[in-house]
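The file run_13.cif comes next; it holds mmCIF, C-alpha atoms.
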```
data_work
#
loop_
_atom_site.label_atom_id
_atom_site.label_comp_id
_atom_site.auth_asym_id
_atom_site.auth_seq_id
_atom_site.Cartn_x
_atom_site.Cartn_y
_atom_site.Cartn_z
CA MET A 1 40.16 -80.23 137.67
CA GLY A 2 39.75 -77.33 140.09
CA ASP A 3 43.14 -75.94 139.09
CA GLN A 4 42.24 -76.17 135.41
CA LYS A 5 39.07 -74.19 136.05
CA LYS A 6 40.97 -71.59 138.03
CA THR A 7 43.50 -71.22 135.23
CA ARG A 8 40.74 -70.87 132.65
CA ASP A 9 39.04 -68.20 134.76
CA GLU A 10 42.30 -66.30 135.08
CA GLU A 11 42.87 -66.48 131.33
CA PHE A 12 39.36 -65.27 130.75
CA GLN A 13 39.83 -62.36 133.18
CA SER A 14 42.98 -61.25 131.35
CA PHE A 15 41.18 -61.55 128.03
CA VAL A 16 38.24 -59.42 129.24
CA ILE A 17 40.52 -56.72 130.64
CA GLY A 18 42.48 -56.63 127.40
CA CYS A 19 39.61 -56.53 124.95
CA TRP A 20 37.10 -54.43 126.93
CA PRO A 21 38.08 -50.96 125.62
CA ARG A 22 38.10 -51.90 121.95
CA LEU A 23 34.92 -53.99 122.14
CA LEU A 24 33.20 -51.14 123.96
CA ARG A 25 34.15 -48.67 121.24
CA THR A 26 32.95 -51.03 118.52
CA ALA A 27 29.70 -51.63 120.38
CA PHE A 28 29.26 -47.88 120.82
CA LEU A 29 29.43 -47.35 117.06
CA LEU A 30 26.95 -50.18 116.55
CA SER A 31 24.48 -49.11 119.21
CA GLY A 32 25.08 -45.35 119.39
CA GLU A 33 24.80 -45.15 123.17
CA GLN A 34 27.13 -45.74 126.09
CA HIS A 35 24.84 -47.90 128.23
CA ALA A 36 23.60 -49.95 125.29
CA ALA A 37 27.23 -50.50 124.25
CA GLU A 38 28.25 -51.64 127.75
CA ASP A 39 25.26 -53.93 127.88
CA LEU A 40 26.06 -55.37 124.45
CA VAL A 41 29.69 -56.06 125.33
CA GLN A 42 28.79 -57.55 128.69
CA ALA A 43 26.24 -59.89 127.10
CA THR A 44 28.82 -60.85 124.48
CA LEU A 45 31.50 -61.63 127.04
CA GLU A 46 29.05 -63.61 129.18
CA GLN A 47 28.44 -65.86 126.18
CA ALA A 48 32.18 -66.09 125.62
CA TYR A 49 32.62 -67.14 129.26
CA VAL A 50 30.15 -70.00 128.84
CA ALA A 51 32.17 -71.30 125.86
CA TRP A 52 35.60 -70.23 127.11
CA ARG A 53 36.93 -73.76 127.46
CA ARG A 54 36.51 -74.12 123.70
CA ILE A 55 37.34 -70.64 122.46
CA GLY A 56 40.12 -69.89 124.95
CA SER A 57 42.23 -72.54 123.28
CA ALA A 58 41.40 -71.32 119.75
CA ASP A 59 43.94 -69.40 117.68
CA ALA A 60 42.00 -66.15 117.66
CA PRO A 61 39.51 -65.79 120.50
CA GLU A 62 39.11 -62.10 119.55
CA ALA A 63 37.65 -63.09 116.17
CA TYR A 64 35.20 -65.45 117.85
CA VAL A 65 34.12 -62.80 120.34
CA ARG A 66 33.73 -60.24 117.57
CA ARG A 67 31.41 -62.61 115.79
CA VAL A 68 29.36 -63.13 118.97
CA LEU A 69 29.16 -59.35 119.35
CA ILE A 70 27.84 -58.93 115.81
CA ASN A 71 25.32 -61.75 116.25
CA THR A 72 24.13 -60.36 119.58
CA HIS A 73 23.75 -56.91 118.06
CA ALA A 74 21.80 -58.36 115.11
CA ARG A 75 19.56 -60.36 117.45
CA ARG A 76 18.81 -57.32 119.57
CA HIS A 77 18.01 -55.32 116.47
CA ARG A 78 15.61 -58.01 115.36
CA ARG A 79 13.98 -57.83 118.77
CA ARG A 80 13.69 -54.14 118.13
CA LEU A 81 15.15 -52.89 121.33
CA LYS A 82 14.56 -49.41 120.05
CA GLU A 83 14.72 -46.04 121.62
CA PHE A 84 12.35 -43.83 119.78
CA LEU A 85 13.41 -40.30 119.07
CA SER A 86 10.59 -37.88 119.51
CA PRO A 87 9.53 -36.05 116.37
CA LYS A 88 10.27 -32.73 118.05
CA GLY A 89 14.01 -32.91 117.60
CA ASP A 90 14.57 -35.13 120.60
CA SER A 91 18.10 -36.24 120.02
CA GLY A 92 17.70 -38.99 122.56
CA LEU A 93 20.39 -41.32 123.46
CA GLY A 94 23.40 -40.53 125.51
CA HIS A 95 25.20 -38.26 123.10
CA GLU A 96 22.81 -35.38 123.38
CA GLN A 97 25.15 -32.91 125.08
CA PRO A 98 28.63 -31.89 124.08
CA ASP A 99 31.16 -32.34 126.83
CA PRO A 100 32.08 -29.06 128.48
CA GLY A 101 35.71 -29.35 127.43
CA ASP A 102 34.91 -30.35 123.91
CA PRO A 103 34.72 -27.78 121.11
CA ILE A 104 31.12 -27.54 120.02
CA GLY A 105 31.94 -28.19 116.39
CA ARG A 106 33.68 -31.39 117.31
CA ALA A 107 30.73 -32.63 119.31
CA ASP A 108 28.43 -31.65 116.43
CA SER A 109 30.45 -33.61 113.90
CA ARG A 110 30.49 -36.66 116.15
CA GLY A 111 26.77 -36.29 116.65
CA ALA A 112 26.23 -36.03 112.90
CA LEU A 113 28.27 -39.15 112.25
CA LEU A 114 26.63 -41.16 115.03
CA LYS A 115 23.21 -40.08 113.85
CA ALA A 116 24.09 -41.03 110.28
CA LEU A 117 25.42 -44.39 111.44
CA ALA A 118 22.27 -45.04 113.45
CA GLN A 119 20.19 -44.47 110.34
CA LEU A 120 22.00 -47.17 108.37
CA PRO A 121 20.36 -50.61 108.22
CA PRO A 122 22.09 -52.89 110.76
CA ARG A 123 24.05 -54.97 108.24
CA GLN A 124 25.42 -51.87 106.54
CA ARG A 125 26.28 -50.33 109.91
CA GLN A 126 28.04 -53.51 111.01
CA THR A 127 30.00 -53.64 107.75
CA VAL A 128 31.10 -50.00 107.94
CA VAL A 129 32.15 -50.38 111.59
CA LEU A 130 34.08 -53.60 111.01
CA ARG A 131 35.77 -52.45 107.80
CA TYR A 132 36.58 -48.86 108.69
CA TRP A 133 36.81 -48.83 112.47
CA GLU A 134 37.98 -52.34 113.26
CA ASP A 135 40.08 -52.16 110.07
CA LEU A 136 39.23 -55.73 109.09
CA THR A 137 39.72 -56.97 105.55
CA GLU A 138 36.68 -57.87 103.50
CA THR A 139 37.32 -61.55 104.19
CA GLN A 140 37.64 -61.02 107.95
CA THR A 141 34.50 -58.87 107.92
CA ALA A 142 32.61 -61.58 106.05
CA GLU A 143 33.75 -64.14 108.63
CA ALA A 144 32.67 -61.91 111.53
CA MET A 145 29.27 -61.31 109.99
CA GLY A 146 28.75 -64.84 108.71
CA CYS A 147 28.13 -63.67 105.15
CA SER A 148 29.87 -63.63 101.76
CA VAL A 149 32.62 -61.25 100.72
CA GLY A 150 30.26 -60.01 98.02
CA ALA A 151 27.69 -59.05 100.64
CA VAL A 152 30.39 -57.19 102.57
CA LYS A 153 31.41 -55.22 99.46
CA SER A 154 27.81 -54.38 98.69
CA ASN A 155 26.92 -53.36 102.26
CA ALA A 156 30.11 -51.32 102.63
CA ALA A 157 29.53 -49.45 99.37
CA LYS A 158 25.92 -48.67 100.24
CA GLY A 159 26.75 -47.67 103.82
CA ILE A 160 29.60 -45.38 102.82
CA ALA A 161 27.50 -43.78 100.08
CA LYS A 162 24.77 -43.01 102.62
CA LEU A 163 27.27 -41.57 105.09
CA ARG A 164 28.75 -39.35 102.41
CA ALA A 165 25.30 -38.12 101.47
CA ILE A 166 24.82 -36.62 104.93
CA PRO A 167 25.00 -32.82 104.64
CA GLY A 168 27.95 -31.46 106.57
CA LEU A 169 29.87 -34.71 106.67
CA ASP A 170 32.26 -33.52 103.95
CA GLU A 171 33.07 -30.45 106.06
CA THR A 172 33.55 -32.75 109.01
CA VAL A 173 35.91 -34.81 106.93
CA THR A 174 37.84 -31.71 105.96
CA TYR A 175 38.09 -30.18 109.39
CA GLY A 176 37.49 -33.09 111.72
CA GLY A 177 39.21 -36.40 112.10
CA ARG A 178 41.18 -37.96 114.85
CA LYS A 179 43.19 -35.89 117.27
CA MET B 1 37.75 -56.51 94.21
CA ASN B 2 41.33 -57.74 94.24
CA ALA B 3 43.78 -57.05 97.05
CA GLY B 4 45.03 -53.90 95.33
CA GLY B 5 41.48 -52.71 94.87
CA GLN B 6 40.71 -53.33 98.51
CA GLU B 7 43.78 -51.33 99.51
CA TYR B 8 42.68 -48.49 97.25
CA ASP B 9 39.22 -48.67 98.79
CA ASP B 10 40.71 -48.51 102.29
CA MET B 11 42.75 -45.43 101.37
CA THR B 12 39.78 -43.73 99.75
CA HIS B 13 37.69 -44.09 102.88
CA ARG B 14 40.44 -43.28 105.34
CA ASP B 15 38.57 -40.13 106.30
CA ILE B 16 35.62 -42.27 107.40
CA SER B 17 37.97 -44.37 109.51
CA LEU B 18 39.28 -41.22 111.18
CA LEU B 19 35.78 -39.96 111.86
CA LEU B 20 34.72 -43.28 113.36
CA ALA B 21 37.80 -43.29 115.57
CA ASP B 22 37.02 -39.74 116.62
CA ALA B 23 33.43 -40.68 117.46
CA THR B 24 34.62 -43.43 119.76
CA ASP B 25 36.41 -40.82 121.88
CA GLU B 26 32.97 -40.15 123.30
CA VAL B 27 32.89 -43.55 124.99
CA GLU B 28 33.76 -43.55 128.66
CA ILE B 29 36.02 -46.54 129.15
CA GLY B 30 35.70 -47.63 132.75
CA LEU B 31 37.13 -50.70 134.40
CA ALA B 32 36.14 -53.93 132.71
CA PRO B 33 33.36 -55.50 134.83
CA VAL B 34 35.14 -58.84 134.97
CA GLN B 35 33.31 -60.24 137.99
CA ALA B 36 29.90 -59.17 136.68
CA VAL B 37 30.66 -60.81 133.33
CA MET B 38 31.67 -64.06 135.01
CA ARG B 39 28.61 -64.00 137.27
CA GLY B 40 26.44 -63.39 134.19
CA GLY B 41 28.16 -66.22 132.36
CA ARG B 42 27.52 -68.61 135.24
CA ARG B 43 23.87 -67.54 135.34
CA ARG B 44 23.58 -68.21 131.60
CA ARG B 45 25.09 -71.66 132.05
CA THR B 46 22.72 -72.43 134.94
CA ARG B 47 19.75 -71.14 132.96
CA ARG B 48 20.63 -73.45 130.08
CA TRP B 49 20.62 -76.40 132.42
CA ALA B 50 17.38 -75.20 134.03
CA VAL B 51 15.66 -74.84 130.65
CA ALA B 52 16.84 -78.29 129.60
CA GLY B 53 15.50 -79.63 132.92
CA ALA B 54 12.15 -77.86 132.50
CA VAL B 55 11.67 -79.24 128.99
CA ALA B 56 12.36 -82.72 130.29
CA LEU B 57 9.81 -82.20 133.08
CA VAL B 58 7.12 -80.99 130.70
CA ILE B 59 7.60 -84.01 128.48
CA ALA B 60 7.56 -86.31 131.51
CA GLY B 61 4.42 -84.55 132.84
CA SER B 62 2.56 -84.99 129.55
CA THR B 63 3.45 -88.63 129.40
CA ALA B 64 2.31 -89.17 132.99
CA SER B 65 -0.99 -87.44 132.30
CA LEU B 66 -1.66 -89.67 129.31
CA ALA B 67 -0.72 -92.70 131.32
CA VAL B 68 -3.16 -91.77 134.13
CA THR B 69 -5.94 -91.26 131.59
CA GLY B 70 -5.22 -94.66 130.29
CA LEU B 71 -5.59 -96.13 133.79
CA HIS B 72 -9.09 -94.63 134.04
CA GLY B 73 -10.09 -96.76 131.15
CA GLY B 74 -10.63 -93.93 128.69
CA ASP B 75 -10.64 -94.62 125.03
CA GLY B 76 -7.76 -92.31 124.40
CA LYS B 77 -9.91 -89.65 122.79
CA ARG B 78 -10.97 -88.35 126.18
CA GLY B 79 -7.51 -88.41 127.61
CA ALA B 80 -5.51 -86.77 124.87
CA PRO B 81 -6.85 -83.21 125.17
CA MET B 82 -6.01 -83.09 128.88
CA ALA B 83 -2.42 -83.76 128.14
CA THR B 84 -2.22 -80.93 125.62
CA GLN B 85 -4.01 -78.31 127.71
CA GLY B 86 -1.75 -75.61 129.06
CA PRO B 87 -2.07 -74.05 132.49
CA THR B 88 -5.28 -72.08 132.78
CA ALA B 89 -4.91 -70.47 136.20
CA GLU B 90 -3.42 -67.27 134.84
CA GLU B 91 -6.02 -64.71 133.82
CA ARG B 92 -4.90 -63.30 130.52
CA ASP B 93 -6.27 -60.85 128.04
CA VAL B 94 -3.86 -60.71 125.16
CA ASN B 95 -5.82 -58.00 123.38
CA ALA B 96 -5.42 -55.21 125.93
CA PRO B 97 -2.32 -54.14 127.81
CA GLN B 98 -2.01 -53.61 131.52
CA ARG B 99 -1.12 -49.98 132.10
CA THR B 100 0.99 -48.84 135.06
CA VAL B 101 2.01 -45.27 135.82
CA LEU B 102 5.72 -45.36 136.64
CA ALA B 103 6.25 -41.73 137.59
CA SER B 104 4.61 -38.34 137.40
CA GLY B 105 5.34 -34.76 138.32
CA THR B 106 5.36 -31.15 137.21
CA ALA B 107 8.15 -29.36 135.36
CA GLN B 108 8.20 -25.95 133.71
CA GLY B 109 4.60 -25.56 134.83
CA GLU B 110 3.43 -28.63 132.93
CA GLU B 111 2.38 -32.00 134.22
CA TRP B 112 4.35 -35.00 133.01
CA GLN B 113 3.87 -38.72 133.37
CA VAL B 114 5.67 -41.88 132.36
CA PHE B 115 3.57 -44.99 131.97
CA ILE B 116 4.06 -48.50 130.66
CA ASP B 117 1.75 -50.81 128.76
CA VAL B 118 2.50 -54.51 129.23
CA TRP B 119 0.93 -57.10 126.92
CA ALA B 120 0.47 -60.69 128.05
CA ALA B 121 2.43 -63.30 126.10
CA PRO B 122 0.32 -64.89 123.35
CA ARG B 123 0.37 -68.70 123.35
CA ASP B 124 -0.15 -69.38 119.68
CA GLU B 125 -0.18 -67.71 116.31
CA ALA B 126 -3.89 -66.89 116.40
CA GLU B 127 -3.48 -65.03 119.70
CA ALA B 128 -0.35 -63.34 118.39
CA ARG B 129 -2.19 -62.11 115.28
CA GLU B 130 -5.02 -60.67 117.36
CA GLN B 131 -2.58 -59.06 119.74
CA LEU B 132 -0.54 -57.45 116.99
CA ALA B 133 -3.69 -55.91 115.49
CA ALA B 134 -4.74 -54.59 118.92
CA MET B 135 -1.28 -53.15 119.51
CA LYS B 136 -1.27 -51.33 116.20
CA GLN B 137 -4.67 -49.84 116.95
CA ARG B 138 -3.11 -48.23 120.00
CA GLY B 139 -0.08 -46.99 118.08
CA GLU B 140 2.11 -49.62 119.72
CA ASN B 141 4.04 -51.42 117.03
CA PRO B 142 6.50 -54.02 118.31
CA GLY B 143 8.27 -54.09 114.94
CA VAL B 144 8.18 -57.85 114.49
CA GLY B 145 8.33 -59.35 111.02
CA ARG B 146 5.67 -61.98 111.72
CA PRO B 147 3.03 -62.18 114.49
CA ALA B 148 4.51 -65.56 115.52
CA GLU B 149 7.57 -63.71 116.84
CA LEU B 150 5.37 -62.48 119.72
CA ILE B 151 4.50 -65.99 120.95
CA GLY B 152 5.69 -66.58 124.50
CA LYS B 153 6.95 -63.01 124.90
CA LYS B 154 5.60 -60.12 126.91
CA ALA B 155 5.78 -56.88 124.98
CA PHE B 156 6.01 -53.57 126.76
CA PHE B 157 5.81 -49.98 125.59
CA VAL B 158 6.91 -47.07 127.73
CA TRP B 159 5.25 -43.74 127.04
CA ARG B 160 6.12 -40.34 128.35
CA SER B 161 3.48 -37.70 128.39
CA PHE B 162 4.42 -34.06 128.75
CA GLY B 163 1.74 -31.40 128.65
CA ASP B 164 -0.54 -32.35 125.80
CA SER B 165 1.77 -34.70 123.92
CA ASP B 166 2.46 -38.42 124.34
CA ASP B 167 5.67 -39.89 122.94
CA LEU B 168 6.73 -43.49 122.79
CA SER B 169 10.06 -43.79 124.56
CA LEU B 170 11.07 -47.40 124.19
CA LEU B 171 9.76 -50.85 123.63
CA ASP B 172 11.03 -54.34 124.05
CA LEU B 173 9.92 -57.92 124.22
CA PHE B 174 10.52 -59.76 127.47
CA THR B 175 11.30 -63.43 127.48
CA GLN B 176 12.08 -65.76 130.35
CA GLU B 177 15.72 -64.75 130.01
CA SER B 178 15.08 -61.06 130.49
CA THR B 179 15.37 -60.93 134.26
CA GLN B 180 17.92 -58.77 136.06
CA SER B 181 19.65 -59.30 139.38
CA GLY B 182 21.88 -57.51 141.87
CA THR B 183 22.98 -54.15 140.54
CA ASP B 184 22.04 -54.88 136.91
CA ILE B 185 20.59 -51.81 135.28
CA GLN B 186 19.50 -50.75 131.84
CA ALA B 187 18.95 -47.02 131.49
CA PHE B 188 18.03 -44.78 128.58
CA SER B 189 18.38 -41.01 128.55
CA PHE B 190 16.13 -38.71 126.61
CA LYS B 191 16.40 -35.06 125.85
CA LEU B 192 13.01 -33.39 125.83
CA GLU B 193 12.88 -30.16 123.85
CA ARG B 194 10.47 -27.93 125.78
CA PRO B 195 9.56 -24.27 125.30
CA GLY B 196 11.26 -23.44 128.60
CA GLY B 197 14.50 -25.17 127.58
CA PRO B 198 15.57 -28.79 127.21
CA LEU B 199 14.89 -31.29 129.99
CA HIS B 200 16.69 -34.56 130.41
CA MET B 201 14.86 -37.69 131.51
CA VAL B 202 16.24 -41.11 132.34
CA ILE B 203 14.02 -44.18 132.18
CA GLY B 204 15.35 -47.58 133.10
CA HIS B 205 14.78 -50.97 134.60
CA VAL B 206 16.50 -52.79 137.46
CA ALA B 207 16.27 -56.00 139.43
CA LYS B 208 13.26 -56.58 141.70
CA THR B 209 15.63 -56.39 144.66
CA ALA B 210 17.06 -52.93 143.89
CA GLN B 211 16.28 -50.45 146.64
CA ARG B 212 17.95 -47.29 145.39
CA VAL B 213 18.99 -45.91 142.00
CA THR B 214 21.27 -42.90 141.68
CA CYS B 215 21.14 -40.81 138.52
CA THR B 216 24.24 -38.67 138.19
CA TRP B 217 24.23 -35.52 136.08
CA LYS B 218 27.14 -34.12 134.13
CA ASP B 219 27.85 -31.38 136.68
CA GLY B 220 28.45 -34.04 139.33
CA THR B 221 25.16 -33.63 141.21
CA ALA B 222 22.83 -36.60 141.57
CA THR B 223 19.20 -37.56 142.04
CA GLU B 224 18.30 -40.57 144.15
CA VAL B 225 15.28 -42.72 143.52
CA LEU B 226 14.11 -45.06 146.29
CA ARG B 227 11.81 -48.05 146.10
CA ALA B 228 8.17 -47.05 146.46
CA PRO B 229 6.32 -48.20 149.56
CA GLU B 230 3.95 -51.05 148.79
CA ARG B 231 0.65 -50.05 147.24
CA GLN B 232 1.74 -46.45 146.70
CA ASP B 233 0.82 -45.46 143.18
CA ALA B 234 2.74 -42.99 141.07
CA GLY B 235 -0.08 -40.49 140.70
CA GLY B 236 1.05 -38.39 143.65
CA GLY B 237 4.12 -37.03 141.93
CA GLU B 238 6.62 -39.15 143.84
CA VAL B 239 9.47 -40.55 141.79
CA ALA B 240 10.35 -44.08 142.91
CA ILE B 241 11.35 -47.58 141.83
CA ARG B 242 8.11 -49.29 140.89
CA SER B 243 6.86 -52.62 139.61
CA ALA B 244 4.93 -52.91 136.40
CA GLU B 245 2.29 -55.61 136.46
CA GLY B 246 3.53 -58.74 134.74
CA LEU B 247 7.20 -57.87 134.19
CA PRO B 248 10.20 -59.53 135.84
CA VAL B 249 12.01 -56.20 136.37
CA ASP B 250 11.17 -52.95 138.15
CA TRP B 251 11.31 -49.44 136.77
CA PHE B 252 12.64 -46.02 137.69
CA VAL B 253 12.47 -42.57 136.18
CA CYS B 254 14.78 -39.62 136.89
CA LEU B 255 14.03 -36.14 135.64
CA ALA B 256 17.11 -33.94 135.67
CA PRO B 257 16.84 -30.53 137.30
CA GLU B 258 16.68 -27.81 134.64
CA GLY B 259 19.97 -27.14 132.90
CA LYS B 260 21.49 -30.48 133.88
CA ALA B 261 22.36 -33.28 131.50
CA TYR B 262 22.62 -37.02 132.03
CA LYS B 263 25.88 -38.74 132.85
CA SER B 264 25.12 -42.14 134.39
CA ALA B 265 22.68 -44.23 136.42
CA GLU B 266 23.45 -47.05 138.80
CA VAL B 267 21.88 -49.20 141.46
CA THR B 268 23.41 -48.00 144.73
CA GLU B 269 21.51 -50.18 147.18
#
```
Structure re-expressed in structure tokens:
Amino acid sequence: MGDQKKTRDEEFQSFVIGCWPRLLRTAFLLSGEQHAAEDLVQATLEQAYVAWRRIGSADAPEAYVRRVLINTHARRHRRRLKEFLSPKGDSGLGHEQPDPGDPIGRADSRGALLKALAQLPPRQRQTVVLRYWEDLTETQTAEAMGCSVGAVKSNAAKGIAKLRAIPGLDETVTYGGRK
Amino acid sequence: MNAGGQEYDDMTHRDISLLLADATDEVEIGLAPVQAVMRGGRRRRTRRWAVAGAVALVIAGSTASLAVTGLHGGDGKRGAPMATQGPTAEERDVNAPQRTVLASGTAQGEEWQVFIDVWAAPRDEAEAREQLAAMKQRGENPGVGRPAELIGKKAFFVWRSFGDSDDLSLLDLFTQESTQSGTDIQAFSFKLERPGGPLHMVIGHVAKTAQRVTCTWKDGTATEVLRAPERQDAGGGEVAIRSAEGLPVDWFVCLAPEGKAYKSAEVTE
């Protein structure tokens, strides 16, 4: 019994180490802030730990954990854990300063995208992040969000349209992109 | 959309994928906090058991109370209300918050202050409705869909006042599960646009046991915040870890020296 528990804990540790970077990046796009992202991922993994006996033996624990992450994010949004931006151009959370080694334009384009993402309703934001960052199919996205494929299509279309409507994003698309 | 359509859609929005990937470069990927996650998981498991135990005790307590009433020979009408009465020892006013000043000081020649309003948890929908109306009168909107969502939760609103202006910084609802322990920390950074140049402020909450919080700025320098001596209020301009009446966590505020931007905050003692 004790050995089984030890083995499960070791499996869980390996899982956490392996999935931490990607989950953190996904959570960052959902929450828009480093600390909030870390907190979101930690809360998600704590829930996964409680149910690890069940999910550790499942075919795709990553998919389960992704779903917990989305649910936790949705729940927090409902609770309105909100950081209010002051009306005087207070850019608020975490990403307010470009890194010294980062070209200013690059930091600006990231800021513009993160700001645009933050303005999307949570379901649209989740859909855009899962479809276009996590690169999930519509079916996988629907499973992660616990909704229909139709809802995914609708939320993705609306979210993308809003992102494209942000002034300057087209230039960012032209000149920006991944290194 | 068929599979081909989905593929076309993916190609069309490839630029968005690249931008999202680029944005995630901003995340600092540290070591995975494996031990903290497992500790948190164990706490969650224990809490579940504790909640299940507490519910069982409440039910047992109510039954016992009814049974005792019955022994006194009551007709049942006298006994029943006693069993349904909640605890009354706690003095509560759900229609006005308790305000605590968390920190104060002077920067760029102007006085600043951070304070928190904590609202007692309403017990039923009527109290929740009254409380929501009182909150809105003060410009404190918890953003709930229905007043009933406030029942059993303590709402708090943190304000920062700089010169003549007050701005709401953050709000949340605290439930029984919202406690923190050890080096747990939740910190939020704010950039304040001021005539003399931007100032960066960090507001956060930590466990009741935390003795020292270190805010590190992007140039590598740091500001330390120590726990306030008992009964010292925040009006004297000292920055410290302080309790807010009625909340299960304590609070700290760091104001960055001019020209410095926020990097991280952690409990260091």
To verify the selection step, state as a PDB file with C-alpha atoms, keeping the file's coordinate frame which residues the PyMOL selection byres ((chain B and resi 256) around 10) yields on this input.
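Listed below is the output, result-v3.pdb:
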```pdb
ATOM      1  CA  LYS B 191      16.400 -35.060 125.850  1.00  0.00           C
ATOM      2  CA  LEU B 199      14.890 -31.290 129.990  1.00  0.00           C
ATOM      3  CA  HIS B 200      16.690 -34.560 130.410  1.00  0.00           C
ATOM      4  CA  MET B 201      14.860 -37.690 131.510  1.00  0.00           C
ATOM      5  CA  VAL B 202      16.240 -41.110 132.340  1.00  0.00           C
ATOM      6  CA  CYS B 215      21.140 -40.810 138.520  1.00  0.00           C
ATOM      7  CA  THR B 216      24.240 -38.670 138.190  1.00  0.00           C
ATOM      8  CA  TRP B 217      24.230 -35.520 136.080  1.00  0.00           C
ATOM      9  CA  THR B 221      25.160 -33.630 141.210  1.00  0.00           C
ATOM     10  CA  ALA B 222      22.830 -36.600 141.570  1.00  0.00           C
ATOM     11  CA  THR B 223      19.200 -37.560 142.040  1.00  0.00           C
ATOM     12  CA  VAL B 253      12.470 -42.570 136.180  1.00  0.00           C
ATOM     13  CA  CYS B 254      14.780 -39.620 136.890  1.00  0.00           C
ATOM     14  CA  LEU B 255      14.030 -36.140 135.640  1.00  0.00           C
ATOM     15  CA  PRO B 257      16.840 -30.530 137.300  1.00  0.00           C
ATOM     16  CA  GLU B 258      16.680 -27.810 134.640  1.00  0.00           C
ATOM     17  CA  GLY B 259      19.970 -27.140 132.900  1.00  0.00           C
ATOM     18  CA  LYS B 260      21.490 -30.480 133.880  1.00  0.00           C
ATOM     19  CA  ALA B 261      22.360 -33.280 131.500  1.00  0.00           C
ATOM     20  CA  TYR B 262      22.620 -37.020 132.030  1.00  0.00           C
TER      21      TYR B 262
END
```
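With CA of Leu30 (chain A) on one side and CA of Ile17 (chain A) on the other, the separation reads 20.6 Å.
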I want to know what sits within 10 Å of Ala96 (chain B), based on all atoms listed in the file, with residues of the same chain fewer than 2 positions away left out; could you give that as a list in words?
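The filter keeps Arg92, Asp93, Val94, Gln98, Arg99, Asp117, Val118, Trp119, Ala120, Gln131, Ala134, Met135 and Arg138 of chain B.
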Chain and number of each residue from the PyMOL selection byres ((chain A and resi 22) around 12), as a VMD selection string
(chain A and resid 15 to 21 23 to 29 37 to 38 41 62 65 to 66 69 130 133 to 134) or (chain B and resid 21 24 to 25 27 to 30 32)
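Picture a line from CA of Thr214 (chain B) to CA of Tyr49 (chain A); it runs 29.5 Å.
You will find CA of Pro229 (chain B) at 23.8 Å from CA of Ser161 (chain B).
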Report as a ChimeraX atom specification the full result of the PyMOL selection byres ((chain A and resi 138) around 10) when it is applied to this structure.
/A:127,130-131,135-137,139-144,148-153,156 /B:1,3,6
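Between chain B and the candidates A:Ala74, A:Ala58, A:Leu120, A:Ala157, the tightest atom-to-atom separation, counting all atoms listed in the file, involves A:Ala157.
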